[in-house]
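Engineer: What follows is a single structure, and I will ask about it in a moment.
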Amino acid sequence: MNEITARTVVVGSGCAGLNAADTLAALGEKSLLLVTEDMNAGTSRNTGSDKQTYYKLSLAGDEGDSVGALAHDLHYPDVNGDTALCEAVASAPSFLKLASLGVPFPTNEFGEYVGYQTDHDTRRRATSAGPLTSKYMTEALEKSVRARGVSILDHALAARVVTDENGVAALDVYLTEKKEFLRVRCANLVLCTGGPAHIYRDRVYPESQHGMSGLALEAGAAGANLDCWQYGLASVKLRWNVSGSYQQVVPRYVSEDDQGTEREFLADALGEKQALALTFLKGYQWPFDESKVPGSSQVDILVKQENDAGRRVYLDYRQNPRGWALDNLPEEAKKYLENCGAVQETPFLRLKAMNGPAIQLYRDHCIDLEKEMLEIRVCAQHHNGGIAVDADWQTRVPGLYVCGEAAGTFGRKRPGGTALNSTQAGSLRAAKHIMKNNRTVSEKNLPFEPILLPRGDAASFQTEMTRVAAFQRDKNGMEALKKKVEAALLQSKPETENMREGLLLKDMLLTQKAVLSAMLCAAEEKGNPPGVLMTYGSESRREPTRPMPERDLWFERVWKKCREEQEHGSDR
């Protein structure tokens, strides 16, 4: 097998991977390779919402905010304090870097980056460059990466992490066009492969996103909060979140049977005024939240019930829902629409007034909200758990780092938009640590072991995962599915012509096994206990979170320490 060498390898071309490569190059890493299956694939390039949120430290207005306050809000009972603090610290510099690279975050006439309140947010920390914020981020970061001359290996699927007693030793990749393997000897490996979208059938992730969390799990990394997912309403024909203004303009929810008979099931189940109020609230409270089942999350349950009964569910922007009148809305909703100038006669006209790009986005994909209904389902949208990392985003495998959505740094109730901030904060921390760790590429002989692939139909496992282990979970069903997954992993076969599909199936099953283990452990717990739910192999247990670190805030001491580090760095 052919071999090449790079001291540091970054896998993934989304916001996290590109920022990792860009930062490493800026810090002086000369032996650097970016590996991607497709530069233009993945979630960052191909997803968004009504106005895709970037969550950051407040940089406008008179409301108080601080790094400590932001870190406290990120440090939920199941999120480690050190990673929460690092994400808060890196928030402003990472955001301002993106702005300087040309991401068009809006400012007022005085240059303030004005914000709004998002879900699970205590202040108006959220901002957005529109429906395609993460796409703009990847474009700006890729331009910088290419300008720095970073080597890029495209059409290469990461297949296996090779380790020795010192940690990471190499990465085996499958070249999808040449249909052959390549070994990349390395000392540092940064996995930025996104969320494990491929474990579910109903998902809002784009078709080009599958994730490769199984790579890290197979190499010995642990999982953190793998049971924690974010589910929400999304369109089907175009995989897109129908959050924010898509709900705040109060469209008509309608279900349709196979005979074409329609009914407004929200009004039937909740009453007309309550249906209007909860539809508006879904804009703020878009993710399913078990604590909001008496409120807005009833909508998700009712949509699922209609689907389970064989009925298709749609949002209709052409006409108002039953009982519509501005005065029938709660006062908060009424004032919001008035302040937005969105009090027109139909949901479509209200959406046009509030967020015209949200309409154009669907038109660009041949869906006209003015003329047709939009089919929706409750879909997996974001993995709030992932691979366990420390404050430098390094796993328990030395030299193996995981950043972005693949890292388990979010917890049950992450504020909307923290995912984009985490891509930048985590990759920044990893890059800085790599430049200090002095790891070198192993010179040992590393024999290539054949890769055995499991047997099974991916679609059937995805369908069953959606049925028993999504936002509504069936303990007995999960136990049965876990046994099926484990059996499929044991029924291995040698390499085949369909190598790519086999590698993806293996990764999906490895990830499903770990996720189901965490979900079954959580099902035995009462309520939502504090602590991180850790997964080691196929065993899960609750462990205390790492506390918020004590830190030195005395300027002279910190200044002196920084000078000493700079001097030692110049000596090396």
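Following the order of the structure tokens, first chain is A, next is B, and so on, with residues numbered from 1 inside each chain and ligands from 1 in the order they appear.
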Assign secondary structure with DSSP using the backbone only, and return the residues of stretch 132-278 of chain A in helix (DSSP H, G or I) as a PyMOL selection string.
Structural biologist: chain A and resi 133-147+197-199+213-218+245-248+265-270+272-278
Engineer: Do you have the atom CA of A:Ala216-atom CA of A:Ile199 distance handy?
Structural biologist: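 We find that atom CA of A:Ala216 and atom CA of A:Ile199 lie 15.7 Å from each other.
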Engineer: Please determine, counting only C-alpha atoms, which residue among A:Leu57, A:Cys15, A:Ala407, A:Val10 has the shortest atom-to-atom distance to A:Leu153.
Structural biologist: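 Selected residue with least distance to A:Leu153: A:Val10.
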Engineer: Residues at most 12 Å from A:Thr83, counting only C-alpha atoms, excluding those fewer than 2 positions away in the same chain, as JSON, numbers by chain?
Structural biologist: {"A": [70, 71, 72, 74, 75, 76, 78, 79, 80, 81, 85, 86, 87, 88, 89, 90, 388, 389, 390, 391, 392, 393, 394, 403, 407, 408, 409, 410, 411, 422, 425, 426, 429, 430, 545, 546, 547, 548, 549]}
Engineer: Which neighbours of A:Glu375 fall inside 10 Å, counting only C-alpha atoms, when residues of the same chain fewer than 5 positions from it are skipped, and could you give them as a CSV table (one decimal) with N, CA, C and O atoms, in the first residue's frame?
Structural biologist:
```
chain,number,residue,atom,x,y,z
A,234,ALA,N,-38.7,19.6,10.2
A,234,ALA,CA,-37.9,19.9,9.0
A,234,ALA,C,-38.7,19.5,7.8
A,234,ALA,O,-39.5,18.6,7.8
A,235,SER,N,-38.4,20.2,6.7
A,235,SER,CA,-39.1,19.8,5.4
A,235,SER,C,-38.4,18.6,4.9
A,235,SER,O,-37.3,18.2,5.2
A,236,VAL,N,-39.2,17.8,4.1
A,236,VAL,CA,-38.8,16.5,3.6
A,236,VAL,C,-38.2,16.6,2.2
A,236,VAL,O,-37.1,16.1,1.9
A,237,LYS,N,-38.8,17.3,1.2
A,237,LYS,CA,-38.4,17.4,-0.1
A,237,LYS,C,-37.0,18.1,-0.2
A,237,LYS,O,-36.1,17.7,-0.9
A,238,LEU,N,-36.9,19.2,0.5
A,238,LEU,CA,-35.6,19.8,0.8
A,238,LEU,C,-35.3,19.6,2.3
A,238,LEU,O,-36.1,20.1,3.1
A,253,TYR,N,-51.0,24.2,9.9
A,253,TYR,CA,-50.6,22.8,10.0
A,253,TYR,C,-51.8,21.9,9.5
A,253,TYR,O,-52.9,22.0,10.0
A,254,VAL,N,-51.5,21.1,8.5
A,254,VAL,CA,-52.5,20.3,7.9
A,254,VAL,C,-52.0,18.9,7.7
A,254,VAL,O,-50.8,18.7,7.3
A,255,SER,N,-52.8,17.8,7.9
A,255,SER,CA,-52.4,16.5,7.6
A,255,SER,C,-53.3,16.0,6.5
A,255,SER,O,-54.5,16.4,6.3
A,312,ARG,N,-49.7,12.2,5.9
A,312,ARG,CA,-48.6,13.1,5.6
A,312,ARG,C,-48.9,14.5,6.2
A,312,ARG,O,-50.1,14.9,6.2
A,313,VAL,N,-47.9,15.2,6.7
A,313,VAL,CA,-48.1,16.5,7.4
A,313,VAL,C,-47.4,17.6,6.6
A,313,VAL,O,-46.3,17.4,6.1
A,314,TYR,N,-48.1,18.7,6.5
A,314,TYR,CA,-47.6,19.9,5.7
A,314,TYR,C,-47.8,21.2,6.5
A,314,TYR,O,-48.6,21.3,7.4
A,315,LEU,N,-46.9,22.1,6.2
A,315,LEU,CA,-47.1,23.5,6.5
A,315,LEU,C,-47.7,24.2,5.3
A,315,LEU,O,-47.2,24.1,4.2
A,316,ASP,N,-48.8,25.0,5.5
A,316,ASP,CA,-49.4,25.7,4.4
A,316,ASP,C,-49.3,27.2,4.7
A,316,ASP,O,-49.9,27.7,5.6
```
Engineer: Measuring between only C-alpha atoms, which one of A:Ala277, A:Leu302, A:Val173, A:Ala222 shows the shortest distance to A:Val515?
Structural biologist: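 Once distances to A:Val515 are computed over only C-alpha atoms, the minimum belongs to A:Ala222.
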Engineer: Residues within 12 Å of A:Gln274, please, as a PyMOL selection string. Count only C-alpha atoms; anything in the same chain fewer than 6 positions from it doesn't count.
Structural biologist: chain A and resi 250+266-268+280-281+294-296+298-299+321-324+328-330
Engineer: From the options A:Gln117, A:Ser442, A:Thr418, A:Thr53, which residue's atoms come nearest to A:Asn384, counting only C-alpha atoms?
Structural biologist: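 Answer, going by the shortest atom-to-atom distance: A:Thr418.
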Engineer: Calculated over only C-alpha atoms, which of the candidates A:Pro196, A:Gly271, A:Gly17, A:Gly502 has the smallest distance to A:Ile451?
Structural biologist: A:Gly502
Engineer: Which is closest to A:Gly386 among A:Ser213, A:Asn355, A:Ser44, A:Thr279, if we use only C-alpha atoms?
Structural biologist: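 Looking only at the distances to A:Gly386, the closest residue turns out to be A:Ser213.
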Engineer: Between A:Ser427, A:Ser31, A:Gln248, A:Asn528, which has the minimum distance to A:Leu18 (counting only C-alpha atoms)?
Structural biologist: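 Among the listed residues, the smallest separation from A:Leu18 belongs to A:Ser427.
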Engineer: Taking the backbone alone, and naming residues the way the document does, which bits of stretch 74-248 of chain A are strand (DSSP E or B) by DSSP, as a PyMOL selection string?
Structural biologist: chain A and resi 113+116+126-128+151-153+156-164+167-175+180-185+188-191+203+223-224+229-235+240-241
Engineer: I'd like the neighbourhood of A:Thr511 as a short mmCIF file (atom, residue, chain, number, x, y, z; two decimals) with N, CA, C and O atoms, in the first residue's frame, where a residue qualifies if any of its atoms comes within 10 Å (using only C-alpha atoms), though same-chain residues fewer than 3 positions away should be ignored.
Structural biologist:
```cif
data_model
loop_
_atom_site.label_atom_id
_atom_site.label_comp_id
_atom_site.auth_asym_id
_atom_site.auth_seq_id
_atom_site.Cartn_x
_atom_site.Cartn_y
_atom_site.Cartn_z
N PRO A 196 -23.12 12.23 13.36
CA PRO A 196 -23.37 10.92 12.74
C PRO A 196 -24.77 10.83 12.15
O PRO A 196 -25.64 10.10 12.63
N HIS A 198 -25.87 9.40 9.60
CA HIS A 198 -26.27 8.17 8.94
C HIS A 198 -26.96 7.16 9.85
O HIS A 198 -27.43 6.13 9.38
N ILE A 199 -27.05 7.42 11.15
CA ILE A 199 -27.68 6.42 12.01
C ILE A 199 -29.21 6.50 11.98
O ILE A 199 -29.88 5.58 12.45
N GLY A 211 -21.12 11.48 8.61
CA GLY A 211 -20.38 11.39 9.86
C GLY A 211 -19.49 10.16 9.89
O GLY A 211 -19.69 9.20 9.14
N MET A 212 -18.46 10.20 10.77
CA MET A 212 -17.56 9.05 10.91
C MET A 212 -17.12 8.93 12.38
O MET A 212 -15.94 8.71 12.67
N SER A 213 -18.08 9.04 13.29
CA SER A 213 -17.74 8.94 14.71
C SER A 213 -17.21 7.56 15.07
O SER A 213 -16.45 7.40 16.03
N GLY A 214 -17.62 6.54 14.31
CA GLY A 214 -17.13 5.19 14.57
C GLY A 214 -15.62 5.07 14.46
O GLY A 214 -15.01 4.21 15.12
N LEU A 215 -15.00 5.91 13.64
CA LEU A 215 -13.54 5.91 13.52
C LEU A 215 -12.88 6.12 14.88
O LEU A 215 -11.97 5.39 15.27
N ALA A 216 -13.34 7.15 15.59
CA ALA A 216 -12.76 7.48 16.89
C ALA A 216 -13.10 6.42 17.93
O ALA A 216 -12.26 6.04 18.74
N LEU A 217 -14.35 5.94 17.91
CA LEU A 217 -14.76 4.92 18.88
C LEU A 217 -13.95 3.64 18.69
O LEU A 217 -13.49 3.03 19.66
N GLU A 218 -13.75 3.24 17.44
CA GLU A 218 -12.98 2.03 17.15
C GLU A 218 -11.52 2.19 17.59
O GLU A 218 -10.87 1.21 17.99
N GLY A 223 -17.15 7.98 24.35
CA GLY A 223 -18.26 8.84 23.98
C GLY A 223 -18.73 9.65 25.17
O GLY A 223 -18.58 9.23 26.32
N LEU A 226 -23.81 10.56 24.45
CA LEU A 226 -24.23 10.07 23.13
C LEU A 226 -25.75 9.96 23.01
O LEU A 226 -26.28 9.88 21.90
N GLY A 386 -21.28 13.27 21.61
CA GLY A 386 -20.23 13.00 20.63
C GLY A 386 -19.04 12.33 21.29
O GLY A 386 -19.16 11.68 22.33
N VAL A 485 -27.57 -4.94 15.92
CA VAL A 485 -26.39 -4.20 15.49
C VAL A 485 -25.12 -4.97 15.84
O VAL A 485 -24.20 -5.12 15.01
N LEU A 505 -21.24 1.63 6.29
CA LEU A 505 -22.09 0.75 7.09
C LEU A 505 -21.40 0.39 8.40
O LEU A 505 -22.02 0.41 9.47
N LYS A 506 -20.12 0.04 8.32
CA LYS A 506 -19.38 -0.30 9.53
C LYS A 506 -19.38 0.87 10.51
O LYS A 506 -19.63 0.69 11.71
N ASP A 507 -19.10 2.05 10.02
CA ASP A 507 -19.07 3.22 10.90
C ASP A 507 -20.45 3.49 11.51
O ASP A 507 -20.56 3.80 12.70
N MET A 508 -21.49 3.35 10.71
CA MET A 508 -22.84 3.57 11.20
C MET A 508 -23.18 2.60 12.31
O MET A 508 -23.74 2.98 13.36
N ALA A 514 -22.88 2.31 20.16
CA ALA A 514 -22.50 3.18 21.28
C ALA A 514 -23.65 4.09 21.69
O ALA A 514 -23.90 4.30 22.89
N VAL A 515 -24.35 4.65 20.70
CA VAL A 515 -25.47 5.54 21.00
C VAL A 515 -26.58 4.79 21.73
O VAL A 515 -27.15 5.28 22.71
N LEU A 516 -26.91 3.58 21.28
CA LEU A 516 -27.94 2.79 21.93
C LEU A 516 -27.54 2.42 23.35
O LEU A 516 -28.38 2.39 24.27
N SER A 517 -26.26 2.13 23.58
CA SER A 517 -25.78 1.86 24.92
C SER A 517 -26.05 3.04 25.85
O SER A 517 -26.54 2.87 26.97
N SER A 538 -19.12 -0.57 24.52
CA SER A 538 -20.59 -0.68 24.52
C SER A 538 -21.16 -0.56 25.93
O SER A 538 -22.31 -0.93 26.17
#
```
Engineer: Please provide as an MDAnalysis selection string all residues within 7 Å of stretch 126-134 of chain A, with the sequence filter that same-chain residues fewer than 2 positions apart are discarded (counting only C-alpha atoms).
Structural biologist: chainID A and resid 15 44:45 48:56 104:106 114:118 124 136:138 358 417
Engineer: Next, dump the selected residues to file, keeping only N, CA and C atoms, as a PDB file, in the first residue's frame.
Structural biologist:
```pdb
ATOM      1  N   CYS A  15     -16.833  23.701   8.731  1.00  0.00           N
ATOM      2  CA  CYS A  15     -16.345  24.863   9.485  1.00  0.00           C
ATOM      3  C   CYS A  15     -15.218  24.491  10.440  1.00  0.00           C
ATOM      4  N   SER A  44     -21.968  21.718   7.010  1.00  0.00           N
ATOM      5  CA  SER A  44     -21.648  23.147   7.005  1.00  0.00           C
ATOM      6  C   SER A  44     -21.941  23.802   5.659  1.00  0.00           C
ATOM      7  N   ARG A  45     -21.650  23.069   4.581  1.00  0.00           N
ATOM      8  CA  ARG A  45     -21.822  23.623   3.233  1.00  0.00           C
ATOM      9  C   ARG A  45     -23.278  23.626   2.781  1.00  0.00           C
ATOM     10  N   GLY A  48     -28.920  24.782   6.831  1.00  0.00           N
ATOM     11  CA  GLY A  48     -29.196  26.066   7.459  1.00  0.00           C
ATOM     12  C   GLY A  48     -30.603  26.089   8.002  1.00  0.00           C
ATOM     13  N   SER A  49     -31.128  27.270   8.200  1.00  0.00           N
ATOM     14  CA  SER A  49     -32.498  27.414   8.704  1.00  0.00           C
ATOM     15  C   SER A  49     -33.018  28.762   8.224  1.00  0.00           C
ATOM     16  N   ASP A  50     -34.043  29.268   8.884  1.00  0.00           N
ATOM     17  CA  ASP A  50     -34.608  30.545   8.421  1.00  0.00           C
ATOM     18  C   ASP A  50     -33.561  31.652   8.507  1.00  0.00           C
ATOM     19  N   LYS A  51     -32.846  31.706   9.614  1.00  0.00           N
ATOM     20  CA  LYS A  51     -31.653  32.547   9.737  1.00  0.00           C
ATOM     21  C   LYS A  51     -30.710  31.780  10.656  1.00  0.00           C
ATOM     22  N   GLN A  52     -29.756  31.100  10.051  1.00  0.00           N
ATOM     23  CA  GLN A  52     -28.879  30.175  10.771  1.00  0.00           C
ATOM     24  C   GLN A  52     -28.049  30.934  11.798  1.00  0.00           C
ATOM     25  N   THR A  53     -28.105  30.479  13.022  1.00  0.00           N
ATOM     26  CA  THR A  53     -27.597  31.251  14.160  1.00  0.00           C
ATOM     27  C   THR A  53     -26.143  30.955  14.485  1.00  0.00           C
ATOM     28  N   TYR A  54     -25.416  32.009  14.816  1.00  0.00           N
ATOM     29  CA  TYR A  54     -24.081  31.901  15.408  1.00  0.00           C
ATOM     30  C   TYR A  54     -24.185  32.495  16.813  1.00  0.00           C
ATOM     31  N   TYR A  55     -23.898  31.680  17.825  1.00  0.00           N
ATOM     32  CA  TYR A  55     -24.040  32.088  19.233  1.00  0.00           C
ATOM     33  C   TYR A  55     -22.689  32.544  19.749  1.00  0.00           C
ATOM     34  N   LYS A  56     -22.646  33.715  20.336  1.00  0.00           N
ATOM     35  CA  LYS A  56     -21.383  34.332  20.735  1.00  0.00           C
ATOM     36  C   LYS A  56     -21.596  35.230  21.944  1.00  0.00           C
ATOM     37  N   PRO A 104     -20.706  37.888   6.189  1.00  0.00           N
ATOM     38  CA  PRO A 104     -21.475  39.141   6.298  1.00  0.00           C
ATOM     39  C   PRO A 104     -22.429  39.197   7.492  1.00  0.00           C
ATOM     40  N   PHE A 105     -21.867  39.176   8.711  1.00  0.00           N
ATOM     41  CA  PHE A 105     -22.702  39.367   9.889  1.00  0.00           C
ATOM     42  C   PHE A 105     -23.161  40.825   9.947  1.00  0.00           C
ATOM     43  N   PRO A 106     -24.438  41.075  10.225  1.00  0.00           N
ATOM     44  CA  PRO A 106     -24.956  42.440  10.152  1.00  0.00           C
ATOM     45  C   PRO A 106     -24.521  43.313  11.330  1.00  0.00           C
ATOM     46  N   VAL A 114     -25.356  43.506  16.268  1.00  0.00           N
ATOM     47  CA  VAL A 114     -26.606  43.372  17.008  1.00  0.00           C
ATOM     48  C   VAL A 114     -27.025  41.906  17.081  1.00  0.00           C
ATOM     49  N   GLY A 115     -27.776  41.572  18.134  1.00  0.00           N
ATOM     50  CA  GLY A 115     -28.135  40.183  18.343  1.00  0.00           C
ATOM     51  C   GLY A 115     -29.598  39.990  18.670  1.00  0.00           C
ATOM     52  N   TYR A 116     -29.979  38.733  18.792  1.00  0.00           N
ATOM     53  CA  TYR A 116     -31.346  38.362  19.151  1.00  0.00           C
ATOM     54  C   TYR A 116     -31.275  37.150  20.069  1.00  0.00           C
ATOM     55  N   GLN A 117     -32.395  36.839  20.692  1.00  0.00           N
ATOM     56  CA  GLN A 117     -32.441  35.718  21.636  1.00  0.00           C
ATOM     57  C   GLN A 117     -32.835  34.444  20.910  1.00  0.00           C
ATOM     58  N   THR A 118     -32.079  33.383  21.141  1.00  0.00           N
ATOM     59  CA  THR A 118     -32.351  32.089  20.524  1.00  0.00           C
ATOM     60  C   THR A 118     -32.803  31.095  21.584  1.00  0.00           C
ATOM     61  N   ARG A 124     -29.356  38.233  24.481  1.00  0.00           N
ATOM     62  CA  ARG A 124     -29.448  38.330  23.023  1.00  0.00           C
ATOM     63  C   ARG A 124     -28.057  38.163  22.416  1.00  0.00           C
ATOM     64  N   TYR A 136     -21.383  30.373   4.237  1.00  0.00           N
ATOM     65  CA  TYR A 136     -20.495  31.522   4.093  1.00  0.00           C
ATOM     66  C   TYR A 136     -19.202  31.306   4.880  1.00  0.00           C
ATOM     67  N   MET A 137     -19.321  30.687   6.056  1.00  0.00           N
ATOM     68  CA  MET A 137     -18.139  30.416   6.873  1.00  0.00           C
ATOM     69  C   MET A 137     -17.175  29.490   6.149  1.00  0.00           C
ATOM     70  N   THR A 138     -17.691  28.398   5.571  1.00  0.00           N
ATOM     71  CA  THR A 138     -16.807  27.459   4.881  1.00  0.00           C
ATOM     72  C   THR A 138     -16.154  28.106   3.664  1.00  0.00           C
ATOM     73  N   ALA A 358     -35.900  33.516   3.292  1.00  0.00           N
ATOM     74  CA  ALA A 358     -36.418  32.202   3.671  1.00  0.00           C
ATOM     75  C   ALA A 358     -37.330  31.639   2.589  1.00  0.00           C
ATOM     76  N   GLY A 417     -27.178  27.773  18.009  1.00  0.00           N
ATOM     77  CA  GLY A 417     -26.049  28.487  17.419  1.00  0.00           C
ATOM     78  C   GLY A 417     -24.716  28.182  18.062  1.00  0.00           C
TER      79      GLY A 417
END
```
Engineer: Provide the atom CA of A:Arg252 to atom CA of A:Val468 distance in Å, to one decimal place.
Structural biologist: 28.8 Å
Engineer: Could you check how far atom CA of A:Pro77 sits from atom CA of A:Gly531, in Å to one decimal?
Structural biologist: 5.8 Å
